[in-house]
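One structure is given here, and the rest of the page talks about it.
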Amino acid sequence: MSVQAEATQSGRAKRADSETVGGMGYEIMWVAWRGFKKLTRNPFILFFSLFMPLIWLVMFSSTFGNVFSSATGGPQLPYDYVAVLLPGITVMTAIQSAAQSGFGMVADIDSGFMDKFFVAPMRRSSVLLGKLLSDGMRMAGQAAIVLGVAYLLKIGAGWRIPFATGLPGALLIVVLASAFGVAFSGLSNTVALRTKNTEATMMVSFTLTFPLLFLSTAMLPKAFLPAWVKAFSSVNPVSYIADASRSLILTGYDWHTIGNAFIAIAIFGIVLNGMAVMAFRAQGK
């Protein structure tokens, strides 16, 4: 038997052992754990992805708070503009964090680590799913930090944020933000896998961030938007996540709005991550 045939047979045997002993769940958790380890080695990634959203939370709420109060007819509302803005900030955090997913993909390709994944005795789908799991947990943690800071400012600075649904509602907001972030990461991963270039991945991700935010209900409710922005926001998935999160903060559980948000996330995620799967499969050919 030739050396190549022996290597092939050995690789198949190792893959079979992996599938029977470890299983797909073990593979996914291993890849996710690697993602967590990378984050602990470079915590600046977490810090800077939170820095801008937190600045926006403080700056925008102070700058546009009076404008919002005037537009709504005075101070009779039981909440401040920051309560309206907070859902948009959690979505912004998720979008920025999703862009980092593509940067990490390019780094793995450049370092040659992705090639090791392709020859390792594990399913390729486990690699992508493990990465998405790691990204989703990171995004959930970031959204929780944003909400936690807002709650501390509610207590310490007197910000009027109702948090109408309490801790369960806050957890649901975290789930919505992280799920949307995982869905949106399909775009940055697709660009990263197709171009293998950090600059291209950054350009595409950041170019889409602000149109998605400002042409949606993330910053203001639909009633305050111009007609043409209103029309675009109706097909913008960010609007569905922002509306659902806003209802959880201001009024309570609006299950119709929450259901629409999860449907939008599912459609968005299937399309974008489907593109990422096709790009990922093409890498090993």
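Ordering of the structure tokens sets the chain letters (A, B, ...), residue numbers begin anew at 1 in every chain, and ligands are numbered from 1 in the order given.
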For Ser125 of chain A, find every residue with an atom within 9 Å (counting only C-alpha atoms), except residues of its own chain fewer than 3 positions away, and show them as a list of chain:residue names.
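Near Ser125 of chain A, the qualifying residues are A:Met24, A:Ile28, A:Met122, A:Leu128, A:Leu129, A:Gly130, A:Val277, A:Phe280, A:Arg281.
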Go ahead and dump the residues you just picked, C-alpha atoms, as a compact mmCIF listing (two decimals), in the first residue's frame.
```txt
# COMPACT_ATOMS: atom_id res chain seq x y z
CA MET A 24 -20.81 16.93 16.05
CA ILE A 28 -18.91 22.60 17.65
CA MET A 122 -14.06 16.84 11.77
CA LEU A 128 -18.84 27.23 10.88
CA LEU A 129 -21.46 26.38 13.52
CA GLY A 130 -18.87 26.54 16.30
CA VAL A 277 -21.91 28.12 3.88
CA PHE A 280 -17.00 28.08 3.12
CA ARG A 281 -17.51 24.88 1.16
```
Using DSSP on the backbone coordinates, identify all residues within segment 72-171 of chain A classified as helix (DSSP H, G or I); present the result as a VMD selection string.
chain A and resid 81 to 111 113 to 119 124 to 156 166 to 171
Using only C-alpha atoms, pick whichever of A:Ile173, A:Gln96, A:Asp254, A:Lys131 has the shortest atom-to-atom distance to Leu208 of chain A.
A:Gln96
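Using only C-alpha atoms for every distance, the candidate list A:Ile95, A:Leu248, A:Met137, A:Leu153 yields A:Ile95 as the residue closest to Leu212 of chain A.
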Kindly indicate which residue among A:Ile155, A:Leu220, A:Val174, A:Val204 lies nearest to Phe64 of chain A, using only C-alpha atoms for the distances.
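The answer is A:Leu220, which sits nearest to Phe64 of chain A.
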In terms of the shortest atom-to-atom distance over only C-alpha atoms, which of A:Gly186, A:Gly169, A:Gly181, A:Gly148 is closest to Ile258 of chain A?
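Result for the nearest residue to Ile258 of chain A: A:Gly169.
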Quick one: everything within 12 Å of Tyr240 of chain A, counting only C-alpha atoms, minus sequence neighbours fewer than 5 positions away in the same chain. Send it as a VMD selection string.
chain A and resid 87 to 88 91 176 to 177 180 212 to 213 216 to 218 221 to 222 233 to 235 245 to 247 254 256 to 266 268
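The gap separating atom CA of Ala32 of chain A from atom CA of Leu86 of chain A is 28.7 Å, in Å to one decimal.
You will find atom CA of Val82 of chain A at 13.3 Å from atom CA of Ala242 of chain A.
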Excluding Pro53 of chain A and its own-chain neighbours fewer than 2 positions away, which residues fall within 7 Å of it when counting only C-alpha atoms? Please give them as a PyMOL selection string.
chain A and resi 50-51+55-57+89+92-93
Pairwise distance for atom CA of Met219 of chain A and atom CA of Phe68 of chain A, rounded to one decimal in Å:
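Atom CA of Phe68 of chain A lies at a distance of 10.7 Å from atom CA of Met219 of chain A.
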Smallest atom-to-atom distance to Thr201 of chain A: which of A:Ser178, A:Thr90, A:Ser101, A:Ser239, using only C-alpha atoms?
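Among the listed residues, A:Ser101 lies closest to Thr201 of chain A.
Each of A:Gly141, A:Pro237, A:Pro78, A:Met52 was compared to Leu171 of chain A using only C-alpha atoms, and A:Gly141 turns out to be the nearest.
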